[in-house]
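Below is the file protein_14.cif, which contains mmCIF, C-alpha atoms.
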data_entry
loop_
_atom_site.label_atom_id
_atom_site.label_comp_id
_atom_site.auth_asym_id
_atom_site.auth_seq_id
_atom_site.Cartn_x
_atom_site.Cartn_y
_atom_site.Cartn_z
CA MET A 1 35.87 14.83 -158.10
CA LEU A 2 33.00 12.35 -157.80
CA LEU A 3 33.76 9.05 -159.43
CA SER A 4 30.19 8.00 -160.02
CA PRO A 5 27.57 10.34 -161.48
CA SER A 6 24.92 8.39 -159.54
CA LEU A 7 26.31 9.65 -156.23
CA PRO A 8 25.29 12.95 -154.64
CA SER A 9 26.75 16.08 -156.16
CA ALA A 10 29.51 17.84 -154.29
CA ALA A 11 27.61 20.72 -152.81
CA PRO A 12 29.58 23.10 -150.60
CA VAL A 13 29.78 22.11 -146.96
CA ALA A 14 30.30 24.64 -144.25
CA ALA A 15 33.54 24.33 -142.32
CA GLY A 16 32.02 25.65 -139.11
CA PRO A 17 30.49 23.79 -136.15
CA ALA A 18 30.79 20.03 -136.35
CA THR A 19 27.39 19.33 -134.76
CA GLY A 20 25.52 16.65 -136.67
CA ARG A 21 28.30 16.02 -139.20
CA LEU A 22 30.06 12.67 -139.42
CA VAL A 23 33.06 12.01 -141.63
CA VAL A 24 34.17 8.64 -142.95
CA LEU A 25 37.74 8.27 -144.21
CA GLY A 26 38.05 5.55 -146.84
CA GLY A 27 35.92 4.63 -149.82
CA GLY A 28 36.22 0.86 -149.52
CA ALA A 29 33.89 -1.83 -148.23
CA ALA A 30 34.06 -0.87 -144.55
CA GLY A 31 33.84 2.86 -145.23
CA PHE A 32 30.80 2.53 -147.46
CA PHE A 33 29.03 0.18 -145.10
CA GLY A 34 29.69 2.45 -142.14
CA ALA A 35 28.53 5.57 -143.96
CA ILE A 36 25.36 3.89 -145.22
CA ALA A 37 24.51 2.37 -141.83
CA CYS A 38 24.94 5.73 -140.14
CA ALA A 39 22.94 7.73 -142.68
CA GLU A 40 20.11 5.18 -142.77
CA ALA A 41 19.90 4.99 -138.97
CA ASN A 42 19.76 8.75 -138.52
CA PRO A 43 18.71 10.74 -141.62
CA ASP A 44 19.22 14.02 -139.75
CA ILE A 45 22.98 13.49 -139.68
CA GLN A 46 25.14 14.82 -142.50
CA VAL A 47 27.48 12.00 -143.53
CA LEU A 48 30.53 12.71 -145.69
CA LEU A 49 32.82 10.05 -147.11
CA LEU A 50 36.31 11.07 -148.24
CA GLU A 51 38.48 8.89 -150.48
CA LYS A 52 41.98 10.08 -151.33
CA SER A 53 42.25 8.09 -154.57
CA PRO A 54 40.20 8.58 -157.75
CA LYS A 55 38.54 5.18 -157.33
CA LEU A 56 35.85 3.96 -154.99
CA LEU A 57 35.50 0.37 -153.79
CA GLY A 58 38.75 -0.69 -155.44
CA LYS A 59 39.12 -4.02 -153.64
CA VAL A 60 35.46 -4.83 -154.10
CA ARG A 61 35.84 -4.47 -157.83
CA VAL A 62 38.95 -6.65 -158.21
CA SER A 63 38.36 -9.30 -155.57
CA GLY A 64 37.58 -12.86 -156.52
CA GLY A 65 38.82 -12.31 -160.05
CA GLY A 66 36.23 -9.60 -160.60
CA ARG A 67 33.41 -11.65 -159.08
CA CYS A 68 33.65 -10.33 -155.48
CA ASN A 69 33.72 -13.00 -152.78
CA VAL A 70 31.20 -11.18 -150.55
CA THR A 71 31.24 -13.52 -147.55
CA HIS A 72 31.43 -17.18 -146.54
CA ALA A 73 28.60 -19.57 -145.68
CA CYS A 74 29.03 -20.00 -141.92
CA GLU A 75 26.01 -20.81 -139.78
CA SER A 76 27.26 -19.28 -136.53
CA ALA A 77 29.62 -16.69 -135.14
CA ALA A 78 31.55 -19.49 -133.40
CA GLN A 79 32.13 -21.16 -136.76
CA LEU A 80 32.98 -17.89 -138.49
CA ILE A 81 35.68 -16.76 -136.06
CA GLN A 82 37.72 -19.91 -136.71
CA HIS A 83 38.87 -18.30 -139.96
CA TYR A 84 40.56 -15.22 -138.47
CA PRO A 85 44.24 -15.56 -137.53
CA ARG A 86 43.89 -12.25 -135.69
CA GLY A 87 40.72 -10.76 -134.23
CA GLY A 88 38.49 -13.83 -134.05
CA ARG A 89 37.85 -13.62 -130.32
CA GLN A 90 36.99 -9.93 -130.45
CA LEU A 91 34.75 -10.40 -133.48
CA LYS A 92 32.59 -13.12 -131.97
CA GLU A 93 30.09 -10.77 -130.31
CA ALA A 94 30.22 -8.45 -133.30
CA PHE A 95 29.28 -11.30 -135.65
CA GLN A 96 26.36 -12.16 -133.40
CA LYS A 97 25.05 -8.65 -133.98
CA PHE A 98 25.76 -8.58 -137.73
CA GLY A 99 26.90 -11.82 -139.29
CA VAL A 100 26.71 -13.75 -142.53
CA ALA A 101 22.91 -14.03 -142.53
CA ASP A 102 22.65 -10.27 -142.00
CA THR A 103 25.01 -9.62 -144.90
CA ILE A 104 22.95 -11.85 -147.19
CA ALA A 105 19.75 -10.09 -146.09
CA TRP A 106 21.31 -6.63 -146.50
CA PHE A 107 22.20 -7.24 -150.13
CA ALA A 108 18.95 -9.12 -150.85
CA LYS A 109 17.00 -6.09 -149.61
CA ARG A 110 18.81 -4.08 -152.26
CA GLY A 111 18.11 -6.52 -155.05
CA VAL A 112 21.38 -8.47 -154.95
CA ALA A 113 21.12 -12.24 -154.53
CA LEU A 114 24.12 -14.24 -153.38
CA LYS A 115 24.98 -17.85 -154.18
CA THR A 116 27.08 -20.37 -152.29
CA GLU A 117 29.76 -22.38 -154.07
CA ALA A 118 30.94 -25.84 -153.08
CA ASP A 119 33.78 -24.51 -150.93
CA GLY A 120 31.49 -22.15 -149.00
CA ARG A 121 32.46 -18.92 -150.74
CA MET A 122 29.55 -16.64 -151.57
CA PHE A 123 29.31 -14.50 -154.70
CA PRO A 124 26.61 -12.42 -156.37
CA THR A 125 24.55 -14.57 -158.73
CA THR A 126 25.67 -12.25 -161.53
CA ASP A 127 29.30 -13.30 -160.96
CA SER A 128 30.20 -9.63 -161.28
CA SER A 129 31.76 -7.43 -158.61
CA GLU A 130 30.12 -4.44 -160.28
CA THR A 131 26.81 -5.73 -158.92
CA ILE A 132 28.13 -5.31 -155.38
CA ALA A 133 29.78 -1.96 -156.09
CA ARG A 134 26.62 -0.57 -157.66
CA ALA A 135 24.50 -1.76 -154.75
CA LEU A 136 26.76 0.04 -152.31
CA GLU A 137 26.88 3.21 -154.38
CA ASP A 138 23.10 3.20 -154.85
CA ALA A 139 22.53 2.66 -151.14
CA ALA A 140 24.87 5.54 -150.33
CA ARG A 141 23.07 7.81 -152.77
CA GLN A 142 19.65 6.91 -151.43
CA ALA A 143 20.81 7.44 -147.85
CA GLY A 144 22.17 10.89 -148.72
CA VAL A 145 25.84 10.17 -148.13
CA ARG A 146 28.05 12.75 -149.82
CA ILE A 147 31.14 11.21 -151.37
CA TYR A 148 34.32 13.04 -152.37
CA THR A 149 37.14 11.32 -154.24
CA ARG A 150 40.70 12.66 -154.61
CA THR A 151 40.25 14.14 -151.14
CA ALA A 152 42.64 13.42 -148.28
CA ALA A 153 42.75 14.42 -144.63
CA GLU A 154 46.37 15.52 -144.28
CA GLN A 155 46.09 16.32 -140.58
CA ILE A 156 43.50 15.61 -137.89
CA THR A 157 43.24 17.73 -134.77
CA LEU A 158 41.19 16.98 -131.67
CA LEU A 159 39.05 19.97 -130.73
CA SER A 160 38.86 21.07 -127.11
CA GLU A 161 35.08 21.34 -127.35
CA GLY A 162 34.84 17.85 -128.83
CA GLY A 163 35.01 16.60 -132.37
CA PHE A 164 37.72 16.88 -134.96
CA SER A 165 39.23 19.35 -137.39
CA LEU A 166 40.47 17.90 -140.66
CA ALA A 167 42.98 19.71 -142.84
CA LEU A 168 42.08 18.68 -146.40
CA SER A 169 43.99 18.42 -149.63
CA GLY A 170 42.96 17.42 -153.12
CA GLU A 171 40.01 18.27 -155.29
CA GLY A 172 37.47 17.89 -152.51
CA SER A 173 38.86 20.87 -150.68
CA ALA A 174 37.43 23.08 -153.40
CA ALA A 175 33.92 22.24 -152.23
CA LEU A 176 34.63 21.47 -148.60
CA GLY A 177 37.22 24.15 -147.92
CA PRO A 178 40.72 23.63 -146.55
CA THR A 179 39.37 22.67 -143.09
CA LEU A 180 36.46 20.44 -142.23
CA HIS A 181 34.96 19.92 -138.79
CA ALA A 182 33.30 16.67 -137.71
CA SER A 183 31.58 15.58 -134.53
CA ARG A 184 32.41 11.92 -135.18
CA LEU A 185 35.10 10.34 -137.34
CA LEU A 186 35.20 6.81 -138.79
CA VAL A 187 38.60 5.61 -140.00
CA ALA A 188 38.19 2.90 -142.65
CA THR A 189 41.35 3.53 -144.65
CA GLY A 190 42.30 -0.14 -145.01
CA GLY A 191 45.55 -1.89 -144.28
CA ASN A 192 48.93 -0.66 -145.41
CA PRO A 193 52.22 -2.56 -145.56
CA LYS A 194 54.20 0.54 -144.53
CA SER A 195 54.37 1.38 -140.84
CA GLY A 196 54.77 5.08 -141.59
CA ALA A 197 51.33 5.13 -143.17
CA TYR A 198 49.87 4.90 -139.65
CA ASP A 199 51.80 7.85 -138.18
CA TRP A 200 48.72 10.10 -138.29
CA LEU A 201 46.90 7.60 -136.08
CA ARG A 202 49.84 7.52 -133.69
CA ASP A 203 49.43 11.29 -133.50
CA LEU A 204 45.87 10.66 -132.25
CA SER A 205 47.23 8.79 -129.20
CA HIS A 206 46.90 5.30 -130.68
CA THR A 207 49.60 2.67 -130.92
CA VAL A 208 49.99 0.49 -134.00
CA ALA A 209 50.69 -3.22 -134.34
CA GLU A 210 53.44 -3.23 -136.95
CA PRO A 211 51.98 -4.21 -140.33
CA VAL A 212 53.29 -7.26 -142.17
CA PRO A 213 51.86 -8.93 -145.28
CA SER A 214 49.28 -11.68 -145.03
CA LEU A 215 47.75 -13.84 -147.79
CA PHE A 216 50.72 -14.22 -150.13
CA THR A 217 52.20 -16.92 -152.35
CA PHE A 218 55.62 -18.54 -151.99
CA ASN A 219 58.47 -17.81 -154.37
CA VAL A 220 60.64 -20.85 -155.09
CA PRO A 221 63.30 -19.82 -157.66
CA ALA A 222 64.94 -23.26 -157.73
CA SER A 223 61.70 -25.22 -157.57
CA PRO A 224 61.87 -28.90 -158.55
CA LEU A 225 58.37 -28.26 -159.91
CA ARG A 226 59.38 -25.37 -162.16
CA ASP A 227 58.32 -27.23 -165.31
CA LEU A 228 54.77 -27.76 -164.00
CA PRO A 229 53.14 -24.30 -163.93
CA GLY A 230 49.37 -24.57 -163.89
CA VAL A 231 49.31 -28.02 -162.29
CA SER A 232 46.90 -28.10 -159.36
CA VAL A 233 46.13 -30.62 -156.63
CA PRO A 234 42.78 -30.47 -154.82
CA HIS A 235 44.16 -31.56 -151.45
CA ALA A 236 47.73 -31.15 -150.24
CA ARG A 237 49.41 -30.30 -146.96
CA VAL A 238 51.98 -27.51 -146.68
CA VAL A 239 54.30 -27.58 -143.65
CA ILE A 240 57.03 -25.09 -142.79
CA ALA A 241 59.99 -27.18 -141.64
CA GLY A 242 60.96 -26.60 -138.03
CA GLU A 243 57.84 -24.53 -137.31
CA LYS A 244 54.36 -25.24 -135.99
CA LEU A 245 52.87 -23.98 -139.22
CA GLN A 246 50.88 -26.13 -141.61
CA TYR A 247 47.70 -26.02 -143.64
CA GLU A 248 45.79 -28.37 -145.93
CA GLY A 249 43.84 -27.48 -149.04
CA PRO A 250 44.10 -26.99 -152.79
CA LEU A 251 47.58 -26.19 -154.09
CA LEU A 252 48.64 -24.62 -157.37
CA VAL A 253 52.09 -24.80 -158.96
CA THR A 254 53.04 -21.46 -160.54
CA HIS A 255 55.84 -20.04 -162.65
CA TRP A 256 57.35 -18.49 -159.53
CA GLY A 257 56.63 -21.20 -156.93
CA VAL A 258 53.42 -22.37 -155.29
CA SER A 259 50.07 -20.76 -154.57
CA GLY A 260 46.49 -21.80 -153.96
CA PRO A 261 44.36 -21.77 -150.79
CA ALA A 262 46.71 -24.05 -148.83
CA VAL A 263 49.61 -21.61 -149.29
CA LEU A 264 47.55 -18.44 -148.91
CA LYS A 265 45.88 -19.61 -145.71
CA LEU A 266 49.17 -20.81 -144.26
CA SER A 267 50.67 -17.40 -145.01
CA ALA A 268 47.84 -15.76 -143.05
CA TRP A 269 48.22 -17.91 -139.95
CA GLY A 270 52.00 -17.61 -140.10
CA ALA A 271 52.21 -13.98 -141.23
CA ARG A 272 54.31 -12.68 -138.36
CA ARG A 273 56.57 -15.73 -138.07
CA LEU A 274 57.21 -15.87 -141.82
CA HIS A 275 58.06 -12.17 -141.70
CA GLU A 276 60.56 -12.87 -138.89
CA LEU A 277 62.10 -15.57 -141.10
CA GLY A 278 62.54 -13.04 -143.90
CA TYR A 279 60.29 -15.17 -146.10
CA HIS A 280 63.06 -17.75 -146.36
CA SER A 281 62.12 -21.25 -145.24
CA THR A 282 61.70 -24.82 -146.38
CA ALA A 283 58.13 -25.76 -147.27
CA LEU A 284 57.40 -29.47 -147.20
CA ILE A 285 54.55 -30.52 -149.50
CA SER A 286 52.60 -33.69 -148.81
CA TRP A 287 50.72 -34.72 -151.94
CA VAL A 288 49.01 -37.51 -149.99
CA PRO A 289 47.99 -35.85 -146.70
CA ALA A 290 45.70 -38.71 -145.75
CA HIS A 291 48.75 -41.00 -145.41
CA THR A 292 51.43 -41.42 -142.77
CA ASP A 293 54.85 -42.93 -143.45
CA GLU A 294 53.60 -46.29 -142.27
CA SER A 295 50.31 -46.33 -144.16
CA LEU A 296 51.90 -45.13 -147.41
CA ARG A 297 54.65 -47.75 -147.24
CA ALA A 298 52.06 -50.48 -146.65
CA TRP A 299 49.97 -49.21 -149.55
CA VAL A 300 52.95 -49.18 -151.95
CA GLN A 301 54.06 -52.65 -150.96
CA GLN A 302 50.61 -54.07 -151.66
CA PHE A 303 50.30 -52.10 -154.88
CA ARG A 304 53.63 -53.53 -156.08
CA LEU A 305 52.39 -57.05 -155.49
CA ASP A 306 49.16 -56.43 -157.37
CA ASN A 307 50.62 -54.35 -160.23
CA SER A 308 54.17 -55.59 -160.67
CA LYS A 309 54.16 -55.30 -164.47
CA LYS A 310 52.81 -51.76 -164.63
CA GLN A 311 55.16 -48.90 -165.47
CA VAL A 312 55.47 -46.58 -162.50
CA ALA A 313 55.59 -43.25 -164.35
CA GLY A 314 52.82 -44.17 -166.76
CA HIS A 315 50.16 -44.88 -164.15
CA PRO A 316 49.56 -41.95 -161.76
CA GLN A 317 48.22 -42.83 -158.32
CA PHE A 318 46.31 -41.02 -155.56
CA GLY A 319 44.48 -38.91 -158.15
CA LEU A 320 47.60 -36.85 -158.78
CA PRO A 321 47.99 -35.08 -162.14
CA THR A 322 49.98 -37.07 -164.69
CA ARG A 323 52.68 -34.41 -165.09
CA LEU A 324 53.22 -34.16 -161.35
CA TRP A 325 53.36 -37.93 -160.85
CA ARG A 326 55.88 -38.35 -163.67
CA THR A 327 58.04 -35.58 -162.23
CA LEU A 328 58.06 -37.17 -158.78
CA ALA A 329 58.91 -40.57 -160.29
CA GLU A 330 61.74 -39.02 -162.30
CA GLN A 331 63.14 -37.23 -159.24
CA ALA A 332 63.04 -40.56 -157.39
CA GLY A 333 65.32 -41.97 -160.07
CA LEU A 334 62.71 -43.98 -161.94
CA GLY A 335 62.87 -44.02 -165.72
CA PRO A 336 59.76 -43.84 -167.93
CA GLU A 337 59.93 -47.61 -168.64
CA THR A 338 60.59 -48.77 -165.07
CA ARG A 339 58.01 -51.27 -163.85
CA TRP A 340 56.95 -51.64 -160.23
CA SER A 341 58.66 -55.01 -159.98
CA GLU A 342 61.94 -53.34 -160.97
CA VAL A 343 61.90 -50.47 -158.48
CA PRO A 344 65.01 -50.57 -156.25
CA ALA A 345 64.47 -50.09 -152.52
CA LYS A 346 66.39 -46.78 -152.57
CA ALA A 347 64.20 -45.38 -155.36
CA GLN A 348 61.03 -46.55 -153.62
CA ASN A 349 62.08 -44.84 -150.40
CA ARG A 350 62.85 -41.68 -152.35
CA LEU A 351 59.41 -41.76 -154.02
CA LEU A 352 57.69 -42.24 -150.67
CA GLU A 353 59.61 -39.28 -149.23
CA LEU A 354 58.70 -37.04 -152.16
CA LEU A 355 55.02 -37.99 -151.90
CA LEU A 356 55.01 -37.14 -148.21
CA ARG A 357 57.54 -34.28 -148.04
CA THR A 358 58.62 -32.66 -151.29
CA PRO A 359 61.00 -29.90 -150.11
CA LEU A 360 60.69 -26.43 -151.63
CA GLN A 361 63.23 -23.74 -150.74
CA VAL A 362 61.10 -20.63 -150.31
CA GLN A 363 62.93 -17.39 -151.02
CA GLY A 364 60.43 -14.59 -150.94
CA LYS A 365 56.75 -13.96 -151.54
CA THR A 366 54.38 -12.51 -154.10
CA THR A 367 51.38 -10.39 -153.18
CA HIS A 368 48.77 -9.22 -155.67
CA LYS A 369 49.10 -5.43 -155.61
CA ASP A 370 45.33 -4.83 -155.73
CA GLU A 371 44.33 -7.48 -153.20
CA PHE A 372 47.00 -7.24 -150.53
CA VAL A 373 45.99 -7.98 -146.97
CA THR A 374 48.07 -6.97 -143.99
CA CYS A 375 48.12 -8.12 -140.42
CA GLY A 376 48.72 -5.19 -138.15
CA GLY A 377 47.07 -1.83 -137.56
CA ILE A 378 45.14 -0.50 -134.59
CA PRO A 379 45.53 -2.92 -131.64
CA LEU A 380 42.25 -4.59 -130.75
CA ALA A 381 42.54 -3.74 -127.06
CA GLU A 382 42.27 -0.06 -127.99
CA VAL A 383 38.81 -0.48 -129.59
CA ASN A 384 35.39 -1.23 -128.08
CA PHE A 385 34.11 -3.99 -130.37
CA LYS A 386 30.50 -3.37 -129.35
CA THR A 387 30.58 0.03 -131.03
CA MET A 388 33.97 0.10 -132.81
CA GLU A 389 34.76 3.32 -130.93
CA SER A 390 38.28 4.08 -129.81
CA ARG A 391 38.93 3.51 -126.11
CA ARG A 392 41.44 6.36 -126.23
CA VAL A 393 39.69 9.06 -128.27
CA PRO A 394 35.94 9.65 -127.82
CA GLY A 395 34.14 10.04 -131.12
CA LEU A 396 36.80 8.20 -133.13
CA TYR A 397 35.75 4.89 -134.71
CA PHE A 398 37.51 2.19 -136.72
CA ALA A 399 36.32 -0.39 -139.24
CA GLY A 400 37.88 -2.84 -141.66
CA GLU A 401 41.52 -3.68 -142.25
CA VAL A 402 42.90 -0.60 -140.50
CA LEU A 403 42.32 -2.75 -137.42
CA ASP A 404 44.68 -5.57 -136.48
CA VAL A 405 42.11 -8.01 -137.83
CA ASP A 406 42.53 -10.23 -140.86
CA GLY A 407 40.89 -13.35 -142.18
CA ILE A 408 42.03 -16.11 -144.48
CA THR A 409 40.95 -16.13 -148.10
CA GLY A 410 37.33 -17.01 -148.77
CA GLY A 411 35.27 -13.87 -148.10
CA PHE A 412 36.22 -13.47 -144.44
CA ASN A 413 37.94 -10.10 -144.77
CA PHE A 414 34.88 -8.65 -146.47
CA GLN A 415 32.63 -10.05 -143.74
CA ALA A 416 34.79 -8.34 -141.12
CA ALA A 417 34.49 -5.11 -143.13
CA TRP A 418 30.70 -5.33 -143.39
CA THR A 419 30.35 -6.16 -139.69
CA THR A 420 32.70 -3.56 -138.24
CA GLY A 421 31.45 -0.91 -140.66
CA PHE A 422 27.83 -1.59 -139.76
CA LEU A 423 28.45 -1.51 -136.00
CA ALA A 424 30.47 1.68 -136.26
CA GLY A 425 27.83 3.36 -138.42
CA GLN A 426 25.00 2.39 -136.07
CA ALA A 427 26.93 3.59 -133.03
CA MET A 428 27.86 6.89 -134.67
CA ALA A 429 24.23 7.50 -135.59
CA THR A 430 23.00 7.06 -132.04
CA THR A 431 25.80 8.97 -130.28
CA ALA A 432 26.06 11.98 -132.59
CA PRO A 433 24.96 15.33 -131.09
#

When written as structure tokens, how does the structure in this file appear?
Amino acid sequence: MLLSPSLPSAAPVAAGPATGRLVVLGGGAAGFFGAIACAEANPDIQVLLLEKSPKLLGKVRVSGGGRCNVTHACESAAQLIQHYPRGGRQLKEAFQKFGVADTIAWFAKRGVALKTEADGRMFPTTDSSETIARALEDAARQAGVRIYTRTAAEQITLLSEGGFSLALSGEGSAALGPTLHASRLLVATGGNPKSGAYDWLRDLSHTVAEPVPSLFTFNVPASPLRDLPGVSVPHARVVIAGEKLQYEGPLLVTHWGVSGPAVLKLSAWGARRLHELGYHSTALISWVPAHTDESLRAWVQQFRLDNSKKQVAGHPQFGLPTRLWRTLAEQAGLGPETRWSEVPAKAQNRLLELLLRTPLQVQGKTTHKDEFVTCGGIPLAEVNFKTMESRRVPGLYFAGEVLDVDGITGGFNFQAAWTTGFLAGQAMATTAP
């Protein structure tokens, strides 16, 4: 029942009065942080964490390629909220109460040092997500949080006297009984791409912003770059033709299309619009985002004068990978032996167009099954972001991706989880009977 032997044993818990008992649903980053914050702030409260799957902290363990991108180096809340397509405005005050510096200090206090990489992402110095998972599990154990895996709340009923009654299923019900009462309830069950997965929250008088995927790569079955998997460019611009959607950053050519931060971040900002388009669109890739049509044409004309005898395909420009440059030259109609002095005007125009706007016909998306992020969930207007308590149901709290909050890649979703979990836990500790 308990995944980790270091966590508290599953002692029986009475199903009677809910006074002084808080229940957290979800054994991920937000759920753990909320449970720990609550138990540490008020040791007299009995805190239970229920996770329906056999695994705890699943996303923590797989994120960042197993390194766990804990947060992002942002000096202020105003800077931090710029990285949230949804929820940034509501999170600003929350980040002022518990932000990046607080996250760093929280883990440092528990013996986990974080390091900042060149792009601002922050990882444990061990480069192992297990370091983060163990720190959270140890903190939960020391705070007295009782954790039950393979335990689901099948139905939640509001009690007339206040609090909640949870109908349980799974192995945890053997120790907890078929029904569990709680005075406060924190929902940290994460995002889900299926709208029906939120029906139980609709039953608690909440509405739900329809979930759609965020942070995904583009599938391009007929890609003109299909022979270049693994080729990466440190700075490219991706534009969705006919839409006000674009993003600049590193880009990676894959077997199925294109990926990398530029694509992932664009998918986050355009999550709802790309969903409306059925994930079919034309993505225009600029391999030279610093150039305009005019500046690139002027550059090429001067380069031709200075390097007339050089072969075009054999001398990559703009720092582009050799394989990519050769492919673009070939698609412009330039043979491997063609020299700059021999380039016809039509071929030069074609090369300029490809450098500025290589068209890719996007037909679908790919989302990593263990790291999916959704936009959608509990509407932000229905939550008090000072405490993370529901504005519709007293005693009900939310944290993490179950909210209609999502950040771009780079540690921002974890920071939102730490922040909302901490605020919810603190509020639950001070308001519990």

Once the PyMOL selection byres ((chain A and resi 397) around 6) has been evaluated on this model, what residues remain selected, and can you format them as a list in words?
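Selection result, ordered by chain and number: Leu186, Met388, Glu389, Ser390, Leu396 and Phe398 of chain A.
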
Considering only C-alpha atoms, tabulate each residue of segment 149-217 of chain A that lies at most 9 Å from segment 242-263 of chain A along with its nearest interatomic pair and the corresponding distance in Å to one decimal; arrange the rows by chain and ascending residue number and present them as CSV.
residue,atom,partner,partner_atom,distance
A:Leu215,CA,A:Val263,CA,8.1
A:Phe216,CA,A:Val263,CA,7.5
A:Thr217,CA,A:Ser259,CA,4.9

Residues within 7 Å of segment 41-48 of chain A, please, as a CSV table (one decimal) with C-alpha atoms, in the frame of the given file. Count all atoms listed in the file; anything in the same chain fewer than 3 positions from it doesn't count.
chain,number,residue,atom,x,y,z
A,20,GLY,CA,25.5,16.6,-136.7
A,21,ARG,CA,28.3,16.0,-139.2
A,22,LEU,CA,30.1,12.7,-139.4
A,23,VAL,CA,33.1,12.0,-141.6
A,24,VAL,CA,34.2,8.6,-143.0
A,35,ALA,CA,28.5,5.6,-144.0
A,37,ALA,CA,24.5,2.4,-141.8
A,38,CYS,CA,24.9,5.7,-140.1
A,145,VAL,CA,25.8,10.2,-148.1
A,146,ARG,CA,28.0,12.8,-149.8
A,147,ILE,CA,31.1,11.2,-151.4
A,426,GLN,CA,25.0,2.4,-136.1
A,429,ALA,CA,24.2,7.5,-135.6

Counting all atoms listed in the file, closest pick from A:Met428, A:Leu360, A:Ala416, A:Leu284 relative to Val70 of chain A is A:Ala416

How far is it from atom CA of Gly120 of chain A to atom CA of Asp406 of chain A, in Å with one decimal?
18.2 Å

Starting from the displayed file, determine the output of the PyMOL selection byres ((chain A and resi 355) around 8) and express the residue list as a PyMOL selection string.
chain A and resi 285-288+328+351-354+356-358

Identify which of the residues A:Ser165, A:Asn192, A:Asn307, A:Ser128 lies closest to Cys375 of chain A, counting only C-alpha atoms when measuring atom-to-atom distances.
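Under the stated criterion, the closest residue is A:Asn192.
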
Because some atoms of segment 108-119 of chain A are absent here, can you restore N, CA, C and O atoms and send them as a PDB file, keeping the file's coordinate frame?
ATOM      1  N   ALA A 108      20.222  -8.675-150.258  1.00  0.00           N
ATOM      2  CA  ALA A 108      18.950  -9.120-150.850  1.00  0.00           C
ATOM      3  C   ALA A 108      17.932  -7.988-150.821  1.00  0.00           C
ATOM      4  O   ALA A 108      17.170  -7.806-151.783  1.00  0.00           O
ATOM      5  N   LYS A 109      17.920  -7.222-149.738  1.00  0.00           N
ATOM      6  CA  LYS A 109      17.000  -6.090-149.610  1.00  0.00           C
ATOM      7  C   LYS A 109      17.238  -5.057-150.702  1.00  0.00           C
ATOM      8  O   LYS A 109      16.325  -4.333-151.114  1.00  0.00           O
ATOM      9  N   ARG A 110      18.444  -5.040-151.211  1.00  0.00           N
ATOM     10  CA  ARG A 110      18.810  -4.080-152.260  1.00  0.00           C
ATOM     11  C   ARG A 110      18.903  -4.731-153.636  1.00  0.00           C
ATOM     12  O   ARG A 110      19.538  -4.219-154.545  1.00  0.00           O
ATOM     13  N   GLY A 111      18.251  -5.874-153.752  1.00  0.00           N
ATOM     14  CA  GLY A 111      18.110  -6.520-155.050  1.00  0.00           C
ATOM     15  C   GLY A 111      19.287  -7.361-155.502  1.00  0.00           C
ATOM     16  O   GLY A 111      19.372  -7.719-156.680  1.00  0.00           O
ATOM     17  N   VAL A 112      20.203  -7.686-154.583  1.00  0.00           N
ATOM     18  CA  VAL A 112      21.380  -8.470-154.950  1.00  0.00           C
ATOM     19  C   VAL A 112      21.300  -9.840-154.273  1.00  0.00           C
ATOM     20  O   VAL A 112      21.373  -9.945-153.045  1.00  0.00           O
ATOM     21  N   ALA A 113      21.148 -10.883-155.064  1.00  0.00           N
ATOM     22  CA  ALA A 113      21.120 -12.240-154.530  1.00  0.00           C
ATOM     23  C   ALA A 113      22.521 -12.823-154.534  1.00  0.00           C
ATOM     24  O   ALA A 113      23.303 -12.590-155.457  1.00  0.00           O
ATOM     25  N   LEU A 114      22.828 -13.582-153.483  1.00  0.00           N
ATOM     26  CA  LEU A 114      24.120 -14.240-153.380  1.00  0.00           C
ATOM     27  C   LEU A 114      23.955 -15.745-153.535  1.00  0.00           C
ATOM     28  O   LEU A 114      22.911 -16.295-153.214  1.00  0.00           O
ATOM     29  N   LYS A 115      24.982 -16.393-154.025  1.00  0.00           N
ATOM     30  CA  LYS A 115      24.980 -17.850-154.180  1.00  0.00           C
ATOM     31  C   LYS A 115      26.167 -18.431-153.444  1.00  0.00           C
ATOM     32  O   LYS A 115      27.192 -17.783-153.261  1.00  0.00           O
ATOM     33  N   THR A 116      26.021 -19.685-153.016  1.00  0.00           N
ATOM     34  CA  THR A 116      27.080 -20.370-152.290  1.00  0.00           C
ATOM     35  C   THR A 116      27.729 -21.424-153.168  1.00  0.00           C
ATOM     36  O   THR A 116      27.037 -22.262-153.748  1.00  0.00           O
ATOM     37  N   GLU A 117      29.043 -21.381-153.281  1.00  0.00           N
ATOM     38  CA  GLU A 117      29.760 -22.380-154.070  1.00  0.00           C
ATOM     39  C   GLU A 117      30.164 -23.553-153.187  1.00  0.00           C
ATOM     40  O   GLU A 117      30.014 -23.509-151.964  1.00  0.00           O
ATOM     41  N   ALA A 118      30.669 -24.596-153.800  1.00  0.00           N
ATOM     42  CA  ALA A 118      30.940 -25.840-153.080  1.00  0.00           C
ATOM     43  C   ALA A 118      31.885 -25.665-151.906  1.00  0.00           C
ATOM     44  O   ALA A 118      31.778 -26.366-150.894  1.00  0.00           O
ATOM     45  N   ASP A 119      32.807 -24.715-152.004  1.00  0.00           N
ATOM     46  CA  ASP A 119      33.780 -24.510-150.930  1.00  0.00           C
ATOM     47  C   ASP A 119      33.302 -23.526-149.867  1.00  0.00           C
ATOM     48  O   ASP A 119      34.043 -23.172-148.952  1.00  0.00           O
TER      49      ASP A 119
END
